[in-house]
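Here the structure is laid out as structure tokens; the discussion comes afterwards.
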Amino acid sequence: MNVEALFAIRVRTPRLELGLPTLDELEELYRVAEAGIHPPAEMPFAFAWTDNLRHGIFLDFHQGALRDWRPSLWECHFVTFAGGRVIGTQNIGAREFATNREVGTGSWLGRPFQRQGYGLEQRAAILEFAFAGLGAERAKSGALVHNVASQRISERLGYRMTGVSEVAPRGEPVPHHDYVIERGEWRCPIEIRIEGLEPALPLFGAFPQSG
Ligand SMILES: CC(C)(COP(=O)(O)OP(=O)(O)OC[C@H]1O[C@@H](n2cnc3c(N)ncnc32)[C@H](O)[C@@H]1OP(=O)(O)O)[C@@H](O)C(=O)NCCC(=O)NCCS
């Protein structure tokens, strides 16, 4: 499927820019991951991909998402830029968005870029993209029990915790907090500009939003 239109999308916050990466930018993202996302003793992800980081697999994960893109099943892995450099990623994905209007999100930042409010800012950006840009009704997120930063971001942005599930990234079960925010609960705390989305809306199974 021709996904070229996705590359024109830019989501801008006061300090950040989100967009799909060029190959060079994807390589830069890999180097950010390689430099470290979390202390080795902690695993923030439900799937422990950072325990076995491989250049080829990393690139294929991102490029494969575009190769496999269908309006009924998509994963959009935006790269996050601060001051023109790659600092991490913010993704959004959906299955059958045209009928259920539900998205899920996930993100990470390189360690040097954490604890500066960028995590909150990029999640706010993706929620505004989902609700105002795509017309989503609901957005889901989740965080392992020890991931205070991710939980704080969900709480500050108005998500509700809906329950606790279980994942086992390193074989042992770990509680996972499940969060949801509905369209009517979303109040964007910062100024966000979305550019270049309209020609790409059919790729998301979405329609132009009024206002
Ligand atoms: C989760 C992550 C994206 C958050 O981004 P961030 O830029 O570091 O977070 P922010 O600076 O926006 O901080 C958000 C809140 O979490 C708190 N926080 C951040 N890091 C923290 C830490 N290590 N321990 C405790 N609190 C922390 C901040 O103080 C802030 O709280 P406040 O709202 O009460 O002031 C980032 O830390 C990260 O990439 N972590 C590793 C990967 C990961 O966990 N991904 C998410 C998987 S669900």
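Following the order of the structure tokens, chains are lettered A, B, ..., residues in each are numbered from 1, and ligands are numbered from 1.
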
Exercise for the section: Would you list the residues that come within 7 Å of ligand 1? Count only C-alpha atoms and all ligand atoms and give the answer as number ranges by chain. Expected result: A: 37-38, 44-45, 106-111, 113-121, 142-144, 147-150, 152-153, 156

Practice task
Write down as a VMD selection string the residues belonging to stretch 21-150 of chain A that are assigned helix (DSSP H, G or I) by DSSP computed on the backbone.
Solution key: chain A and resid 23 to 35 49 to 52 55 to 67 97 to 100 111 to 113 118 to 134 148 to 150

Practice task
Compare A:Glu128, A:Pro169, A:Lys140, A:Pro175 by their minimum atom-to-atom distance to A:Cys188, counting only C-alpha atoms, and give me the closest one.
Solution key: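 That would be A:Glu128, the residue with the smallest distance to A:Cys188.
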
Handout entry: Close residues, stretch 92-101 of chain A itself excluded, 9 Å, only C-alpha atoms, min 4 positions apart in chain, as a list in words
Key =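 So, after excluding close chain neighbours, the residues are Pro71, Ser72, Leu73, Trp74, Glu75, Cys76, His77, Phe78, Thr105, Gly106, Ser107, Ile126, Ala130, Leu134, Gly135, Ala136, Glu137, Arg138, Ala139, Phe204, Gly205, Ala206 and Phe207 of chain A.
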
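Residues in contact range of A:Ile192, defined as at most 8 Å between only C-alpha atoms, with sequence neighbours fewer than 2 positions away removed, read Val11, Arg12, Thr13, Pro14, Ala125, Glu128, Ile190 and Ile194 of chain A.
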
Would you output that residue set with N, CA, C and O atoms, as a tab-separated table (two decimals), in the first residue's frame?
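Resulting contents of selection18.tsv:
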chain	number	residue	atom	x	y	z
A	11	VAL	N	3.64	16.69	13.83
A	11	VAL	CA	2.91	17.12	15.02
A	11	VAL	C	3.89	17.93	15.85
A	11	VAL	O	4.96	17.42	16.22
A	12	ARG	N	3.55	19.20	16.09
A	12	ARG	CA	4.48	20.10	16.79
A	12	ARG	C	3.93	20.53	18.14
A	12	ARG	O	2.76	20.90	18.26
A	13	THR	N	4.79	20.47	19.13
A	13	THR	CA	4.47	20.96	20.47
A	13	THR	C	5.41	22.15	20.72
A	13	THR	O	6.25	22.44	19.87
A	14	PRO	N	5.31	22.83	21.86
A	14	PRO	CA	6.23	23.95	22.07
A	14	PRO	C	7.71	23.56	21.90
A	14	PRO	O	8.50	24.35	21.41
A	125	ALA	N	0.95	15.24	22.64
A	125	ALA	CA	0.92	15.43	21.18
A	125	ALA	C	0.17	14.29	20.50
A	125	ALA	O	-0.65	14.52	19.60
A	128	GLU	N	-3.63	14.49	21.18
A	128	GLU	CA	-4.27	15.52	20.36
A	128	GLU	C	-4.37	15.04	18.91
A	128	GLU	O	-5.38	15.25	18.23
A	190	ILE	N	-1.21	21.70	26.41
A	190	ILE	CA	-0.21	22.53	25.72
A	190	ILE	C	-0.67	22.79	24.29
A	190	ILE	O	-1.57	22.12	23.79
A	194	ILE	N	-0.95	20.26	14.20
A	194	ILE	CA	-0.87	19.05	13.37
A	194	ILE	C	-0.84	19.51	11.92
A	194	ILE	O	-1.72	20.24	11.49

Handout entry: Among the residues A:Arg85, A:Ala41, A:Pro202, A:Tyr30, the one that comes closest to A:Arg70 [using only C-alpha atoms]
Key =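 Ranking A:Arg85, A:Ala41, A:Pro202, A:Tyr30 by distance to A:Arg70, first place goes to A:Pro202.
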
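One finds atom CA of A:Ala35 at 15.9 Å from atom CA of A:Leu59.
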
Exercise for the section: Find the spatial neighbours of stretch 31-34 of chain A, counting only C-alpha atoms, within a cut-off of 10 Å - ignore same-chain residues fewer than 5 positions away - and output them as a list in words. Expected result: Glu25, Leu26, Thr50, Leu53, Arg54, His55, Phe58, Val86, Ile87, Gly88, Thr89, Trp108, Leu109, Gly110, Arg111, Pro112 and Phe113 of chain A

Restrict the selected residues to all heavy atoms and save them as a tab-separated table (two decimals), in the first residue's frame.
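Saved the output as out.tsv:
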chain	number	residue	atom	x	y	z
A	25	GLU	N	17.42	9.24	9.92
A	25	GLU	CA	16.82	9.54	11.24
A	25	GLU	C	16.51	8.26	12.01
A	25	GLU	O	16.62	8.20	13.23
A	25	GLU	CB	15.57	10.41	11.06
A	25	GLU	CG	15.92	11.82	10.61
A	25	GLU	CD	14.76	12.58	9.99
A	25	GLU	OE1	13.69	11.99	9.74
A	25	GLU	OE2	14.94	13.79	9.73
A	26	LEU	N	16.14	7.21	11.26
A	26	LEU	CA	15.89	5.91	11.91
A	26	LEU	C	17.20	5.35	12.47
A	26	LEU	O	17.24	4.79	13.57
A	26	LEU	CB	15.27	4.96	10.88
A	26	LEU	CG	14.70	3.64	11.41
A	26	LEU	CD1	13.71	3.85	12.54
A	26	LEU	CD2	14.05	2.87	10.26
A	50	THR	N	14.79	-4.56	24.43
A	50	THR	CA	16.08	-3.91	24.70
A	50	THR	C	17.11	-4.88	25.30
A	50	THR	O	18.29	-4.55	25.35
A	50	THR	CB	15.89	-2.71	25.66
A	50	THR	OG1	15.03	-3.13	26.73
A	50	THR	CG2	15.25	-1.53	24.95
A	53	LEU	N	18.98	-6.01	21.72
A	53	LEU	CA	18.84	-5.00	20.68
A	53	LEU	C	19.71	-5.34	19.47
A	53	LEU	O	20.92	-5.54	19.61
A	53	LEU	CB	19.26	-3.63	21.26
A	53	LEU	CG	19.14	-2.43	20.34
A	53	LEU	CD1	17.69	-2.18	19.95
A	53	LEU	CD2	19.72	-1.19	21.04
A	54	ARG	N	19.08	-5.44	18.31
A	54	ARG	CA	19.81	-5.78	17.07
A	54	ARG	C	19.46	-4.75	16.00
A	54	ARG	O	18.28	-4.49	15.76
A	54	ARG	CB	19.40	-7.16	16.55
A	54	ARG	CG	19.77	-8.30	17.46
A	54	ARG	CD	21.27	-8.64	17.29
A	54	ARG	NE	21.69	-9.53	18.35
A	54	ARG	CZ	21.49	-10.84	18.34
A	54	ARG	NH1	20.87	-11.40	17.34
A	54	ARG	NH2	21.91	-11.57	19.34
A	55	HIS	N	20.49	-4.23	15.36
A	55	HIS	CA	20.30	-3.19	14.36
A	55	HIS	C	19.29	-3.60	13.28
A	55	HIS	O	18.32	-2.88	13.01
A	55	HIS	CB	21.67	-2.85	13.73
A	55	HIS	CG	21.60	-1.80	12.68
A	55	HIS	ND1	21.64	-2.09	11.34
A	55	HIS	CD2	21.48	-0.46	12.78
A	55	HIS	CE1	21.54	-0.97	10.65
A	55	HIS	NE2	21.45	0.03	11.50
A	58	PHE	N	15.75	-3.98	14.61
A	58	PHE	CA	15.21	-2.67	14.99
A	58	PHE	C	14.70	-1.93	13.75
A	58	PHE	O	13.57	-1.43	13.71
A	58	PHE	CB	16.31	-1.85	15.68
A	58	PHE	CG	15.88	-0.50	16.16
A	58	PHE	CD1	15.36	-0.34	17.44
A	58	PHE	CD2	15.99	0.62	15.35
A	58	PHE	CE1	14.97	0.91	17.91
A	58	PHE	CE2	15.59	1.87	15.80
A	58	PHE	CZ	15.08	2.02	17.08
A	86	VAL	N	17.09	13.63	17.15
A	86	VAL	CA	16.21	12.53	17.54
A	86	VAL	C	16.40	12.23	19.02
A	86	VAL	O	17.54	12.04	19.47
A	86	VAL	CB	16.53	11.28	16.69
A	86	VAL	CG1	15.77	10.07	17.20
A	86	VAL	CG2	16.21	11.53	15.22
A	87	ILE	N	15.30	12.17	19.77
A	87	ILE	CA	15.42	11.87	21.21
A	87	ILE	C	14.67	10.60	21.62
A	87	ILE	O	14.86	10.09	22.70
A	87	ILE	CB	14.96	13.05	22.10
A	87	ILE	CG1	13.46	13.35	21.91
A	87	ILE	CG2	15.81	14.30	21.83
A	87	ILE	CD1	12.89	14.24	23.00
A	88	GLY	N	13.79	10.10	20.74
A	88	GLY	CA	13.02	8.91	21.10
A	88	GLY	C	11.88	8.70	20.13
A	88	GLY	O	11.93	9.18	18.98
A	89	THR	N	10.87	8.00	20.57
A	89	THR	CA	9.76	7.67	19.69
A	89	THR	C	8.43	7.67	20.43
A	89	THR	O	8.38	7.41	21.65
A	89	THR	CB	10.02	6.31	19.00
A	89	THR	OG1	8.85	5.88	18.31
A	89	THR	CG2	10.39	5.23	19.97
A	108	TRP	N	9.13	5.75	24.08
A	108	TRP	CA	10.37	5.74	24.88
A	108	TRP	C	11.24	6.92	24.48
A	108	TRP	O	11.14	7.43	23.36
A	108	TRP	CB	11.12	4.42	24.78
A	108	TRP	CG	11.58	3.98	23.42
A	108	TRP	CD1	10.96	3.06	22.61
A	108	TRP	CD2	12.76	4.40	22.71
A	108	TRP	NE1	11.67	2.90	21.45
A	108	TRP	CE2	12.79	3.72	21.48
A	108	TRP	CE3	13.79	5.28	22.99
A	108	TRP	CZ2	13.80	3.88	20.53
A	108	TRP	CZ3	14.81	5.45	22.05
A	108	TRP	CH2	14.80	4.75	20.84
A	109	LEU	N	12.08	7.32	25.41
A	109	LEU	CA	13.07	8.37	25.17
A	109	LEU	C	14.43	7.83	25.58
A	109	LEU	O	14.53	7.04	26.52
A	109	LEU	CB	12.77	9.60	26.04
A	109	LEU	CG	11.47	10.35	25.75
A	109	LEU	CD1	11.19	11.36	26.87
A	109	LEU	CD2	11.55	11.06	24.41
A	110	GLY	N	15.49	8.30	24.90
A	110	GLY	CA	16.83	7.96	25.36
A	110	GLY	C	17.06	8.52	26.75
A	110	GLY	O	16.51	9.57	27.10
A	111	ARG	N	17.87	7.86	27.54
A	111	ARG	CA	18.04	8.29	28.94
A	111	ARG	C	18.46	9.75	29.11
A	111	ARG	O	17.96	10.42	30.01
A	111	ARG	CB	19.01	7.35	29.68
A	111	ARG	CG	18.34	6.03	29.98
A	111	ARG	CD	19.19	5.13	30.82
A	111	ARG	NE	19.17	5.52	32.23
A	111	ARG	CZ	19.86	4.89	33.17
A	111	ARG	NH1	20.63	3.87	32.84
A	111	ARG	NH2	19.80	5.27	34.42
A	112	PRO	N	19.36	10.27	28.25
A	112	PRO	CA	19.75	11.67	28.45
A	112	PRO	C	18.58	12.65	28.28
A	112	PRO	O	18.69	13.80	28.68
A	112	PRO	CB	20.80	11.92	27.35
A	112	PRO	CG	21.23	10.58	26.90
A	112	PRO	CD	20.10	9.65	27.14
A	113	PHE	N	17.49	12.19	27.67
A	113	PHE	CA	16.38	13.09	27.36
A	113	PHE	C	15.19	12.90	28.30
A	113	PHE	O	14.14	13.51	28.12
A	113	PHE	CB	15.96	12.90	25.90
A	113	PHE	CG	17.12	12.90	24.95
A	113	PHE	CD1	17.53	11.73	24.32
A	113	PHE	CD2	17.86	14.06	24.75
A	113	PHE	CE1	18.62	11.72	23.47
A	113	PHE	CE2	18.97	14.06	23.91
A	113	PHE	CZ	19.35	12.89	23.27

Fill in the blank from the handout: Using only C-alpha atoms, the residue out of A:Arg10, A:Arg170, A:His176, A:Arg160 with shortest distance to A:Phe81 is A:Arg10

Practice task
Using DSSP on the backbone coordinates, identify all residues within stretch 7-198 of chain A classified as strand (DSSP E or B); present the result as a VMD selection string.
Solution key: chain A and resid 10 to 12 16 to 19 70 73 to 82 85 to 95 102 to 109 138 to 144 160 to 167 174 to 182 193 to 195

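Rounded to one decimal, atom CA of A:Leu20 and atom CA of A:Gln209 lie 21.9 Å from each other.
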
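Candidate residues A:Pro39, A:Gly171, A:Pro208, A:Pro21 were compared for distance to A:Glu4, and the nearest is A:Pro21, using only C-alpha atoms.
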
Exercise for the section: Could you tell me how far atom CA of A:Arg183 lies from atom CA of A:Ala132, in Å and to one decimal? Expected result: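 Those two atoms sit 9.0 Å apart.
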